[in-house]
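Structure record follows, encoded as structure tokens.
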Number of protein chains: 2
Amino acid sequence: MHSFQELSSLFETQFNKRHFPKEPAHLYDAAQHILQIPGKRVRPVAVLMGNELFEEILPDAYQVANAVELFHNFSLIHDDIMDKAPLRRGIPTVHINFGENAALLSGDVMLVRAYEYLAQIKTTYLPAVLNLFNKTAKEVCEGQQLDMDFEKRPSVSLEEYVGMITLKTSVLLAASLQLGAILGGARGNNQQHLYEFGKKLGIAFQVQDDFLDCFGDPQKFGKQVGGDILANKKTFLMIRTFEVANAEQKEQLNFLLENSHPNKVEKVLQLYKACGADLWAQQLKEKYYTEALHHLEEVAVISNRKEALKNLALYLMQREH
Amino acid sequence: MHSFQELSSLFETQFNKRHFPKEPAHLYDAAQHILQIPGKRVRPVAVLMGNELFEEILPDAYQVANAVELFHNFSLIHDDIMDKAPLRRGIPTVHINFGENAALLSGDVMLVRAYEYLAQIKTTYLPAVLNLFNKTAKEVCEGQQLDMDFEKRPSVSLEEYVGMITLKTSVLLAASLQLGAILGGARGNNQQHLYEFGKKLGIAFQVQDDFLDCFGDPQKFGKQVGGDILANKKTFLMIRTFEVANAEQKEQLNFLLENSHPNKVEKVLQLYKACGADLWAQQLKEKYYTEALHHLEEVAVISNRKEALKNLALYLMQREH
């Protein structure tokens, strides 16, 4: 059994290579560029952990982990085009660096490359792996569409937001774990419980993300605190505040959203606190985290094997950036 | 054995359905829209023909044919975004109709849907089918990138242009035939010869396309004759004319490309004729067509079975639109 850190370094060692031919350089250099930006590689490592929960890690698990990481980066490239995002983790996005056309096409070719990795695994696992991968890929696209749809709507319910977040970010973590479990030979309910563990954990992760954007330590957070507020993004905190605010607070919030007040971030944060959205978010995170752990309990393997996943969950919940 | 027309209608009957869920509507309506535009469906029918050349058509052939048609439409949607094309076959393109973001994302989800169809075929065929599909998908992306690269270059050699056209359009026709052949149980060289038949035919088709854009009958052609000339596109005829023109003709051609002369199309066509590029293009088309048929001859099945493919080749060569 390996820890997250050990698996992360095992993954990185074999992933740190050129995944594409040299030519056409405009296409493949753009694709390769984003893969070299250091990251936590949570999703591909989740594949390895899902496998190791049941059985020694198969060589095929690295192919699937590569596919998941390529898929994730494909979605980042295309999302950044759609969101017109200039930066990702402080680094210019692919479409800024290489132009929109090369970004679009390098995303496409990255998705195909992901399927190339999948096609290399043992035929016995291939249909189950492909089916889960395809279903998840469609869901991630649906999540991105809903996210864009929600931006244009005056209001979004908490339930709708959780549904969107689940598709856009949680299902890929959930599927990564289950893909590993398929390779590890997990039967029936075990796969489903592991999937649910990942899904709930992913939602908890997003609650934490929205919370840190408002209340994170600027020294540790690594990006501008209040970025979501400045962009008028509908987040867990914004949606909750609108749900519980009184008439006067609602009016204030609407005013702040519609006008560019010099202390906008500070003023909105005050409203969040006045409405208790900060404490509520922490409780919501705990709720999903607890539900996630409950599903992990239900996986029928000896408790010892679950330690690495428990530590991963704790690490993701306690992170400050 | 079926004719192209019969297979086209068999294909259409099962393809003419909704391939996507209802929601999110912004995503899936955009994807569905382009699939309903009537077309010749040459590529998916090529899958069926490649299968039937060797063996009765398997149900799996329709899954692969669907995948090929979805892949083709994915590439059209994304190419039209990159090329900023307002129309395709006289109908507003997806990004014009639904916006660039929905077009980008619906292309993505269409590619994933293609893989969903592939994942349904018998496991014995799956690795070979996936490998050829993936290789081809990457090549089509490479072709599109080269096409965009060439637009920015002052000159492109005939060899480079043929290489780009092969990737951008021919390999998908070639692969469609071979995918069918895989399902039909074709062995060794038979697959390769059928692939080469499709590849050469695809190049001949493109020569004809470039020719019709210049010298097609406006009544039959269905789009503006001279569109490539007005867009300063590097085509077989343009490249050839630059290769054989004398100094004075070259100067004229450059002048026409750099300035907007009211009789630009007419003047360029005169230069094409003066340099014999029109006759040369017809000969080049014949050359690739003959090479294609030669490869078909080399496929080891009784001649009778080849009639449908021969007719398809003839039809594609004689078309006037």
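As shown in the structure tokens, the chain order sets the letters A, B, ...; within each chain, residues go from 1, and ligands are also counted from 1 in the order they appear.
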Considering only C-alpha atoms, tabulate each residue of chain A that lies at most 7 Å from chain B along with its nearest interatomic pair and the corresponding distance in Å to one decimal; arrange the rows by chain and ascending residue number and present them as a tab-separated table.
```
residue	atom	partner	partner_atom	distance
A:Pro24	CA	B:Glu142	CA	6.5
A:Leu27	CA	B:Gln145	CA	6.4
A:Met82	CA	B:Asn101	CA	5.5
A:Asn101	CA	B:Met82	CA	5.5
A:Leu105	CA	B:Cys141	CA	6.6
A:Val109	CA	B:Lys138	CA	5.9
A:Val112	CA	B:Asn134	CA	6.1
A:Glu116	CA	B:Asn134	CA	6.2
A:Ala119	CA	B:Pro127	CA	6.1
A:Thr123	CA	B:Thr123	CA	6.8
A:Pro127	CA	B:Ala119	CA	6.1
A:Leu130	CA	B:Ala119	CA	6.3
A:Asn131	CA	B:Ala119	CA	6.7
A:Asn134	CA	B:Val112	CA	6.1
A:Ala137	CA	B:Val112	CA	6.8
A:Lys138	CA	B:Val109	CA	5.9
A:Cys141	CA	B:Val109	CA	6.5
A:Glu142	CA	B:Pro24	CA	6.5
A:Gln145	CA	B:Leu27	CA	6.3
A:Leu146	CA	B:Pro24	CA	6.8
```
Over all C-alpha pairs taken in sequence order, what does chain A look like after a least-squares fit onto chain B? Please give it as a JSON list (two decimals) with C-alpha atoms, in the first residue's frame.
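What follows is the written file result.json:
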```json
[["chain", "number", "residue", "atom", "x", "y", "z"],
["A", 1, "MET", "CA", -24.46, -7.08, -51.97],
["A", 2, "HIS", "CA", -25.93, -3.60, -51.86],
["A", 3, "SER", "CA", -25.34, -0.47, -53.92],
["A", 4, "PHE", "CA", -24.16, 2.80, -52.38],
["A", 5, "GLN", "CA", -27.69, 4.17, -52.62],
["A", 6, "GLU", "CA", -29.20, 1.16, -50.85],
["A", 7, "LEU", "CA", -26.63, 1.28, -48.06],
["A", 8, "SER", "CA", -27.04, 5.03, -47.76],
["A", 9, "SER", "CA", -30.73, 4.60, -47.14],
["A", 10, "LEU", "CA", -30.15, 1.68, -44.71],
["A", 11, "PHE", "CA", -27.70, 3.85, -42.81],
["A", 12, "GLU", "CA", -29.95, 6.88, -42.78],
["A", 13, "THR", "CA", -32.94, 4.93, -41.44],
["A", 14, "GLN", "CA", -31.15, 3.98, -38.24],
["A", 15, "PHE", "CA", -29.10, 7.21, -37.99],
["A", 16, "ASN", "CA", -32.12, 9.48, -38.26],
["A", 17, "LYS", "CA", -32.85, 9.71, -34.53],
["A", 18, "ARG", "CA", -31.86, 11.85, -31.59],
["A", 19, "HIS", "CA", -28.33, 10.87, -30.55],
["A", 20, "PHE", "CA", -28.29, 12.92, -27.36],
["A", 21, "PRO", "CA", -30.34, 13.49, -24.21],
["A", 22, "LYS", "CA", -32.77, 16.42, -24.07],
["A", 23, "GLU", "CA", -30.89, 18.45, -21.44],
["A", 24, "PRO", "CA", -28.88, 20.64, -21.25],
["A", 25, "ALA", "CA", -30.70, 21.84, -24.34],
["A", 26, "HIS", "CA", -28.13, 24.50, -25.29],
["A", 27, "LEU", "CA", -25.52, 21.78, -25.57],
["A", 28, "TYR", "CA", -27.40, 18.92, -27.14],
["A", 29, "ASP", "CA", -29.69, 20.85, -29.49],
["A", 30, "ALA", "CA", -26.59, 22.36, -31.10],
["A", 31, "ALA", "CA", -25.09, 18.89, -31.50],
["A", 32, "GLN", "CA", -28.28, 17.37, -32.90],
["A", 33, "HIS", "CA", -28.84, 20.26, -35.32],
["A", 34, "ILE", "CA", -25.88, 19.54, -37.59],
["A", 35, "LEU", "CA", -26.63, 15.81, -37.77],
["A", 36, "GLN", "CA", -30.00, 16.50, -39.35],
["A", 37, "ILE", "CA", -28.61, 18.42, -42.30],
["A", 38, "PRO", "CA", -28.99, 16.05, -45.28],
["A", 39, "GLY", "CA", -25.73, 14.78, -46.74],
["A", 40, "LYS", "CA", -24.35, 11.97, -48.85],
["A", 41, "ARG", "CA", -23.04, 10.13, -45.76],
["A", 42, "VAL", "CA", -20.15, 8.83, -47.85],
["A", 43, "ARG", "CA", -17.94, 7.92, -44.85],
["A", 44, "PRO", "CA", -20.38, 5.86, -42.80],
["A", 45, "VAL", "CA", -21.57, 4.09, -45.95],
["A", 46, "ALA", "CA", -17.91, 3.33, -46.69],
["A", 47, "VAL", "CA", -17.80, 1.45, -43.37],
["A", 48, "LEU", "CA", -20.75, -0.68, -44.47],
["A", 49, "MET", "CA", -19.21, -1.24, -47.91],
["A", 50, "GLY", "CA", -15.83, -2.16, -46.42],
["A", 51, "ASN", "CA", -17.60, -4.76, -44.28],
["A", 52, "GLU", "CA", -19.73, -6.12, -47.12],
["A", 53, "LEU", "CA", -16.74, -6.49, -49.43],
["A", 54, "PHE", "CA", -15.72, -9.47, -47.29],
["A", 55, "GLU", "CA", -18.74, -10.64, -45.35],
["A", 56, "GLU", "CA", -22.40, -9.96, -44.58],
["A", 57, "ILE", "CA", -22.85, -6.65, -42.78],
["A", 58, "LEU", "CA", -22.61, -7.08, -39.01],
["A", 59, "PRO", "CA", -24.87, -5.07, -36.68],
["A", 60, "ASP", "CA", -21.61, -3.67, -35.23],
["A", 61, "ALA", "CA", -20.89, -2.03, -38.59],
["A", 62, "TYR", "CA", -23.74, 0.40, -37.94],
["A", 63, "GLN", "CA", -22.23, 1.35, -34.57],
["A", 64, "VAL", "CA", -18.90, 2.06, -36.24],
["A", 65, "ALA", "CA", -20.63, 3.90, -39.11],
["A", 66, "ASN", "CA", -22.44, 6.09, -36.57],
["A", 67, "ALA", "CA", -19.14, 6.79, -34.81],
["A", 68, "VAL", "CA", -17.50, 7.81, -38.09],
["A", 69, "GLU", "CA", -20.37, 10.12, -39.03],
["A", 70, "LEU", "CA", -20.33, 11.72, -35.56],
["A", 71, "PHE", "CA", -16.57, 12.16, -35.74],
["A", 72, "HIS", "CA", -16.92, 13.78, -39.16],
["A", 73, "ASN", "CA", -19.52, 16.22, -37.84],
["A", 74, "PHE", "CA", -17.44, 16.97, -34.74],
["A", 75, "SER", "CA", -14.59, 17.99, -37.04],
["A", 76, "LEU", "CA", -16.90, 20.11, -39.20],
["A", 77, "ILE", "CA", -18.22, 22.02, -36.17],
["A", 78, "HIS", "CA", -14.74, 22.74, -34.82],
["A", 79, "ASP", "CA", -13.23, 23.51, -38.24],
["A", 80, "ASP", "CA", -16.02, 26.00, -38.92],
["A", 81, "ILE", "CA", -15.25, 27.77, -35.63],
["A", 82, "MET", "CA", -11.55, 27.94, -36.51],
["A", 83, "ASP", "CA", -12.20, 29.02, -40.09],
["A", 84, "LYS", "CA", -14.89, 31.51, -38.96],
["A", 85, "ALA", "CA", -17.14, 30.01, -41.63],
["A", 86, "PRO", "CA", -20.65, 31.48, -41.64],
["A", 87, "LEU", "CA", -22.24, 28.83, -43.87],
["A", 88, "ARG", "CA", -21.89, 25.14, -44.62],
["A", 89, "ARG", "CA", -23.82, 23.78, -47.58],
["A", 90, "GLY", "CA", -25.87, 26.98, -47.56],
["A", 91, "ILE", "CA", -26.97, 26.56, -43.94],
["A", 92, "PRO", "CA", -25.68, 28.72, -41.05],
["A", 93, "THR", "CA", -22.91, 26.89, -39.17],
["A", 94, "VAL", "CA", -23.37, 25.69, -35.59],
["A", 95, "HIS", "CA", -21.38, 28.53, -34.03],
["A", 96, "ILE", "CA", -23.42, 31.10, -35.96],
["A", 97, "ASN", "CA", -26.68, 29.46, -34.93],
["A", 98, "PHE", "CA", -25.89, 28.57, -31.32],
["A", 99, "GLY", "CA", -22.84, 30.68, -30.39],
["A", 100, "GLU", "CA", -19.16, 29.74, -30.28],
["A", 101, "ASN", "CA", -19.18, 28.24, -26.79],
["A", 102, "ALA", "CA", -22.10, 25.91, -27.43],
["A", 103, "ALA", "CA", -20.51, 24.94, -30.77],
["A", 104, "LEU", "CA", -17.16, 24.15, -29.17],
["A", 105, "LEU", "CA", -18.74, 22.11, -26.39],
["A", 106, "SER", "CA", -21.22, 20.33, -28.66],
["A", 107, "GLY", "CA", -18.29, 19.29, -30.86],
["A", 108, "ASP", "CA", -16.58, 17.87, -27.78],
["A", 109, "VAL", "CA", -19.63, 15.93, -26.69],
["A", 110, "MET", "CA", -20.14, 14.65, -30.22],
["A", 111, "LEU", "CA", -16.64, 13.19, -30.24],
["A", 112, "VAL", "CA", -17.37, 11.46, -26.93],
["A", 113, "ARG", "CA", -20.67, 10.17, -28.36],
["A", 114, "ALA", "CA", -18.69, 8.69, -31.27],
["A", 115, "TYR", "CA", -16.62, 6.70, -28.77],
["A", 116, "GLU", "CA", -19.84, 5.59, -27.06],
["A", 117, "TYR", "CA", -20.92, 3.95, -30.31],
["A", 118, "LEU", "CA", -17.51, 2.31, -30.71],
["A", 119, "ALA", "CA", -17.61, 0.97, -27.14],
["A", 120, "GLN", "CA", -20.72, -1.03, -28.02],
["A", 121, "ILE", "CA", -19.09, -3.34, -30.56],
["A", 122, "LYS", "CA", -17.92, -6.88, -29.84],
["A", 123, "THR", "CA", -14.82, -6.91, -27.64],
["A", 124, "THR", "CA", -12.84, -8.98, -30.13],
["A", 125, "TYR", "CA", -12.89, -6.14, -32.67],
["A", 126, "LEU", "CA", -12.61, -3.30, -30.17],
["A", 127, "PRO", "CA", -8.81, -2.82, -29.91],
["A", 128, "ALA", "CA", -8.23, -2.87, -33.69],
["A", 129, "VAL", "CA", -11.17, -0.55, -34.32],
["A", 130, "LEU", "CA", -10.15, 1.86, -31.55],
["A", 131, "ASN", "CA", -6.53, 1.98, -32.68],
["A", 132, "LEU", "CA", -7.40, 2.81, -36.27],
["A", 133, "PHE", "CA", -10.07, 5.30, -35.21],
["A", 134, "ASN", "CA", -7.69, 7.07, -32.79],
["A", 135, "LYS", "CA", -4.83, 7.21, -35.29],
["A", 136, "THR", "CA", -7.17, 8.67, -37.90],
["A", 137, "ALA", "CA", -8.69, 11.18, -35.50],
["A", 138, "LYS", "CA", -5.24, 12.51, -34.65],
["A", 139, "GLU", "CA", -4.33, 12.74, -38.33],
["A", 140, "VAL", "CA", -7.47, 14.72, -39.13],
["A", 141, "CYS", "CA", -6.51, 17.20, -36.38],
["A", 142, "GLU", "CA", -3.00, 17.39, -37.81],
["A", 143, "GLY", "CA", -4.45, 18.08, -41.28],
["A", 144, "GLN", "CA", -6.56, 20.93, -39.94],
["A", 145, "GLN", "CA", -3.51, 22.41, -38.18],
["A", 146, "LEU", "CA", -1.42, 22.19, -41.36],
["A", 147, "ASP", "CA", -4.25, 23.81, -43.33],
["A", 148, "MET", "CA", -4.21, 26.74, -40.89],
["A", 149, "ASP", "CA", -0.41, 26.85, -40.93],
["A", 150, "PHE", "CA", -0.36, 26.93, -44.75],
["A", 151, "GLU", "CA", -2.75, 29.89, -44.83],
["A", 152, "LYS", "CA", -0.12, 32.01, -43.14],
["A", 153, "ARG", "CA", 2.72, 30.89, -45.39],
["A", 154, "PRO", "CA", 3.61, 32.70, -48.62],
["A", 155, "SER", "CA", 3.97, 29.47, -50.57],
["A", 156, "VAL", "CA", 3.21, 25.77, -50.23],
["A", 157, "SER", "CA", 4.57, 23.00, -52.42],
["A", 158, "LEU", "CA", 2.33, 20.54, -54.20],
["A", 159, "GLU", "CA", 3.76, 17.74, -52.09],
["A", 160, "GLU", "CA", 2.98, 19.58, -48.86],
["A", 161, "TYR", "CA", -0.54, 20.32, -50.07],
["A", 162, "VAL", "CA", -1.19, 16.67, -50.97],
["A", 163, "GLY", "CA", 0.14, 15.70, -47.52],
["A", 164, "MET", "CA", -2.22, 18.13, -45.80],
["A", 165, "ILE", "CA", -5.24, 17.10, -47.89],
["A", 166, "THR", "CA", -4.48, 13.44, -47.23],
["A", 167, "LEU", "CA", -4.60, 14.04, -43.48],
["A", 168, "LYS", "CA", -7.48, 16.47, -43.46],
["A", 169, "THR", "CA", -9.87, 14.58, -45.72],
["A", 170, "SER", "CA", -8.56, 11.36, -47.27],
["A", 171, "VAL", "CA", -7.57, 9.31, -44.22],
["A", 172, "LEU", "CA", -11.10, 9.37, -42.82],
["A", 173, "LEU", "CA", -12.51, 7.84, -46.01],
["A", 174, "ALA", "CA", -9.64, 5.33, -46.07],
["A", 175, "ALA", "CA", -10.12, 4.44, -42.41],
["A", 176, "SER", "CA", -13.88, 4.09, -42.82],
["A", 177, "LEU", "CA", -13.35, 1.43, -45.45],
["A", 178, "GLN", "CA", -10.72, -0.34, -43.34],
["A", 179, "LEU", "CA", -12.89, -0.22, -40.21],
["A", 180, "GLY", "CA", -15.56, -2.03, -42.18],
["A", 181, "ALA", "CA", -12.96, -4.49, -43.46],
["A", 182, "ILE", "CA", -11.86, -5.24, -39.89],
["A", 183, "LEU", "CA", -15.45, -6.16, -39.01],
["A", 184, "GLY", "CA", -15.68, -8.18, -42.23],
["A", 185, "GLY", "CA", -12.70, -10.23, -41.10],
["A", 186, "ALA", "CA", -10.32, -9.07, -43.84],
["A", 187, "ARG", "CA", -6.76, -10.27, -43.37],
["A", 188, "GLY", "CA", -3.37, -8.66, -43.84],
["A", 189, "ASN", "CA", -2.84, -6.91, -47.13],
["A", 190, "ASN", "CA", -6.50, -6.73, -48.00],
["A", 191, "GLN", "CA", -7.07, -4.14, -45.30],
["A", 192, "GLN", "CA", -4.08, -2.12, -46.45],
["A", 193, "HIS", "CA", -5.09, -2.14, -50.12],
["A", 194, "LEU", "CA", -8.60, -1.06, -49.24],
["A", 195, "TYR", "CA", -7.18, 1.72, -47.08],
["A", 196, "GLU", "CA", -4.97, 2.90, -49.96],
["A", 197, "PHE", "CA", -7.95, 2.75, -52.33],
["A", 198, "GLY", "CA", -9.82, 5.11, -50.01],
["A", 199, "LYS", "CA", -6.84, 7.38, -49.52],
["A", 200, "LYS", "CA", -6.15, 7.83, -53.24],
["A", 201, "LEU", "CA", -9.84, 8.23, -53.95],
["A", 202, "GLY", "CA", -10.02, 10.91, -51.27],
["A", 203, "ILE", "CA", -7.20, 12.86, -52.88],
["A", 204, "ALA", "CA", -8.81, 12.54, -56.32],
["A", 205, "PHE", "CA", -12.03, 13.78, -54.73],
["A", 206, "GLN", "CA", -10.26, 16.87, -53.39],
["A", 207, "VAL", "CA", -8.67, 17.63, -56.77],
["A", 208, "GLN", "CA", -12.17, 17.48, -58.23],
["A", 209, "ASP", "CA", -13.42, 19.74, -55.41],
["A", 210, "ASP", "CA", -10.78, 22.37, -56.13],
["A", 211, "PHE", "CA", -11.48, 22.06, -59.88],
["A", 212, "LEU", "CA", -15.26, 22.45, -59.49],
["A", 213, "ASP", "CA", -14.79, 25.53, -57.34],
["A", 214, "CYS", "CA", -13.12, 27.11, -60.38],
["A", 215, "PHE", "CA", -14.75, 25.51, -63.38],
["A", 216, "GLY", "CA", -17.98, 23.96, -62.09],
["A", 217, "ASP", "CA", -21.34, 24.70, -63.66],
["A", 218, "PRO", "CA", -22.81, 27.41, -61.39],
["A", 219, "GLN", "CA", -26.27, 25.87, -61.90],
["A", 220, "LYS", "CA", -25.13, 22.49, -60.58],
["A", 221, "PHE", "CA", -22.33, 23.46, -58.20],
["A", 222, "GLY", "CA", -24.63, 24.83, -55.51],
["A", 223, "LYS", "CA", -22.16, 27.35, -54.16],
["A", 224, "GLN", "CA", -20.43, 30.41, -55.53],
["A", 225, "VAL", "CA", -17.94, 29.48, -58.26],
["A", 226, "GLY", "CA", -14.56, 31.05, -57.50],
["A", 227, "GLY", "CA", -15.05, 31.07, -53.73],
["A", 228, "ASP", "CA", -11.55, 29.66, -53.18],
["A", 229, "ILE", "CA", -10.06, 32.35, -55.42],
["A", 230, "LEU", "CA", -11.86, 35.15, -53.58],
["A", 231, "ALA", "CA", -10.57, 33.71, -50.29],
["A", 232, "ASN", "CA", -6.99, 33.47, -51.68],
["A", 233, "LYS", "CA", -7.01, 29.77, -50.80],
["A", 234, "LYS", "CA", -4.06, 27.67, -51.78],
["A", 235, "THR", "CA", -5.62, 24.95, -53.92],
["A", 236, "PHE", "CA", -4.29, 22.39, -56.38],
["A", 237, "LEU", "CA", -4.86, 24.90, -59.19],
["A", 238, "MET", "CA", -3.30, 27.85, -57.44],
["A", 239, "ILE", "CA", -0.22, 25.90, -56.39],
["A", 240, "ARG", "CA", 0.25, 24.41, -59.85],
["A", 241, "THR", "CA", -0.13, 27.79, -61.54],
["A", 242, "PHE", "CA", 2.52, 29.31, -59.29],
["A", 243, "GLU", "CA", 4.80, 26.40, -60.12],
["A", 244, "VAL", "CA", 4.58, 26.73, -63.89],
["A", 245, "ALA", "CA", 3.81, 30.43, -64.45],
["A", 246, "ASN", "CA", 6.41, 32.65, -66.10],
["A", 247, "ALA", "CA", 7.67, 35.80, -64.35],
["A", 248, "GLU", "CA", 4.98, 38.03, -65.84],
["A", 249, "GLN", "CA", 2.15, 35.62, -65.01],
["A", 250, "LYS", "CA", 3.46, 35.24, -61.46],
["A", 251, "GLU", "CA", 3.48, 38.99, -61.04],
["A", 252, "GLN", "CA", -0.10, 39.21, -62.32],
["A", 253, "LEU", "CA", -1.22, 36.45, -59.97],
["A", 254, "ASN", "CA", 0.46, 38.07, -56.97],
["A", 255, "PHE", "CA", -1.13, 41.39, -57.87],
["A", 256, "LEU", "CA", -4.59, 39.78, -58.06],
["A", 257, "LEU", "CA", -4.08, 38.06, -54.71],
["A", 258, "GLU", "CA", -2.97, 41.23, -52.97],
["A", 259, "ASN", "CA", -5.57, 43.61, -54.40],
["A", 260, "SER", "CA", -9.33, 43.35, -54.76],
["A", 261, "HIS", "CA", -9.84, 43.56, -58.49],
["A", 262, "PRO", "CA", -13.53, 43.64, -59.55],
["A", 263, "ASN", "CA", -12.91, 40.79, -62.04],
["A", 264, "LYS", "CA", -10.57, 38.89, -59.77],
["A", 265, "VAL", "CA", -12.17, 35.47, -60.30],
["A", 266, "GLU", "CA", -12.30, 35.82, -64.07],
["A", 267, "LYS", "CA", -8.70, 37.10, -64.27],
["A", 268, "VAL", "CA", -7.32, 34.31, -62.07],
["A", 269, "LEU", "CA", -9.23, 31.69, -64.05],
["A", 270, "GLN", "CA", -7.66, 33.06, -67.24],
["A", 271, "LEU", "CA", -4.22, 32.62, -65.70],
["A", 272, "TYR", "CA", -5.08, 29.09, -64.58],
["A", 273, "LYS", "CA", -6.05, 28.23, -68.16],
["A", 274, "ALA", "CA", -3.05, 30.00, -69.68],
["A", 275, "CYS", "CA", -0.83, 27.86, -67.44],
["A", 276, "GLY", "CA", -2.76, 24.71, -68.26],
["A", 277, "ALA", "CA", -3.68, 24.13, -64.63],
["A", 278, "ASP", "CA", -7.22, 23.11, -65.57],
["A", 279, "LEU", "CA", -6.12, 20.25, -67.81],
["A", 280, "TRP", "CA", -3.35, 19.33, -65.38],
["A", 281, "ALA", "CA", -5.90, 19.04, -62.54],
["A", 282, "GLN", "CA", -8.06, 16.70, -64.61],
["A", 283, "GLN", "CA", -5.01, 14.54, -65.31],
["A", 284, "LEU", "CA", -3.99, 14.58, -61.65],
["A", 285, "LYS", "CA", -7.48, 13.48, -60.66],
["A", 286, "GLU", "CA", -7.30, 10.63, -63.19],
["A", 287, "LYS", "CA", -3.89, 9.62, -61.85],
["A", 288, "TYR", "CA", -5.13, 9.27, -58.27],
["A", 289, "TYR", "CA", -8.35, 7.63, -59.45],
["A", 290, "THR", "CA", -6.37, 5.05, -61.43],
["A", 291, "GLU", "CA", -4.06, 4.38, -58.49],
["A", 292, "ALA", "CA", -7.11, 3.95, -56.27],
["A", 293, "LEU", "CA", -8.63, 1.39, -58.64],
["A", 294, "HIS", "CA", -5.33, -0.43, -58.84],
["A", 295, "HIS", "CA", -5.38, -0.94, -55.07],
["A", 296, "LEU", "CA", -8.97, -2.17, -55.28],
["A", 297, "GLU", "CA", -7.83, -4.73, -57.89],
["A", 298, "GLU", "CA", -5.31, -6.02, -55.37],
["A", 299, "VAL", "CA", -7.96, -6.87, -52.79],
["A", 300, "ALA", "CA", -8.34, -10.65, -52.81],
["A", 301, "VAL", "CA", -12.09, -11.12, -53.16],
["A", 302, "ILE", "CA", -14.08, -12.07, -56.24],
["A", 303, "SER", "CA", -14.45, -9.18, -58.67],
["A", 304, "ASN", "CA", -18.20, -9.21, -58.40],
["A", 305, "ARG", "CA", -18.03, -8.02, -54.79],
["A", 306, "LYS", "CA", -16.04, -4.95, -55.85],
["A", 307, "GLU", "CA", -18.72, -3.53, -58.15],
["A", 308, "ALA", "CA", -20.34, -1.32, -55.52],
["A", 309, "LEU", "CA", -17.02, 0.29, -54.59],
["A", 310, "LYS", "CA", -16.11, 0.80, -58.24],
["A", 311, "ASN", "CA", -19.45, 2.50, -58.80],
["A", 312, "LEU", "CA", -18.91, 4.68, -55.75],
["A", 313, "ALA", "CA", -15.50, 5.74, -57.05],
["A", 314, "LEU", "CA", -16.95, 6.55, -60.47],
["A", 315, "TYR", "CA", -19.81, 8.48, -58.91],
["A", 316, "LEU", "CA", -17.43, 10.56, -56.77],
["A", 317, "MET", "CA", -15.27, 11.33, -59.80],
["A", 318, "GLN", "CA", -18.13, 12.30, -62.10],
["A", 319, "ARG", "CA", -20.03, 14.45, -59.63],
["A", 320, "GLU", "CA", -20.56, 18.04, -60.63],
["A", 321, "HIS", "CA", -21.40, 19.39, -57.19]]
```
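Those residues in stretch 16-261 of chain A carrying a DSSP assignment of strand (DSSP E), computed from the backbone, are Leu87, Arg88, Ile91 and Pro92 of chain A.
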The selected residues should be written to file as a PDB file, in the first residue's frame (atoms: N, CA and C atoms).
```pdb
ATOM      1  N   LEU A  87      -5.618  33.420 -17.171  1.00  0.00           N
ATOM      2  CA  LEU A  87      -4.618  32.727 -16.348  1.00  0.00           C
ATOM      3  C   LEU A  87      -5.207  31.467 -15.744  1.00  0.00           C
ATOM      4  N   ARG A  88      -4.377  30.473 -15.551  1.00  0.00           N
ATOM      5  CA  ARG A  88      -4.725  29.309 -14.745  1.00  0.00           C
ATOM      6  C   ARG A  88      -3.534  29.023 -13.848  1.00  0.00           C
ATOM      7  N   ILE A  91      -0.472  31.036 -14.505  1.00  0.00           N
ATOM      8  CA  ILE A  91       0.257  30.875 -15.770  1.00  0.00           C
ATOM      9  C   ILE A  91      -0.708  31.170 -16.918  1.00  0.00           C
ATOM     10  N   PRO A  92      -0.250  31.899 -17.968  1.00  0.00           N
ATOM     11  CA  PRO A  92      -1.152  32.196 -19.084  1.00  0.00           C
ATOM     12  C   PRO A  92      -1.769  30.916 -19.655  1.00  0.00           C
TER      13      PRO A  92
END
```
Give me, as a ChimeraX atom specification, the residues of stretch 77-264 of chain B that a backbone DSSP run labels helix (DSSP H, G or I). /B:77-82,94-98,100-119,126-151,158-183,188-215,218-221,227-230,236-244,247-258,264
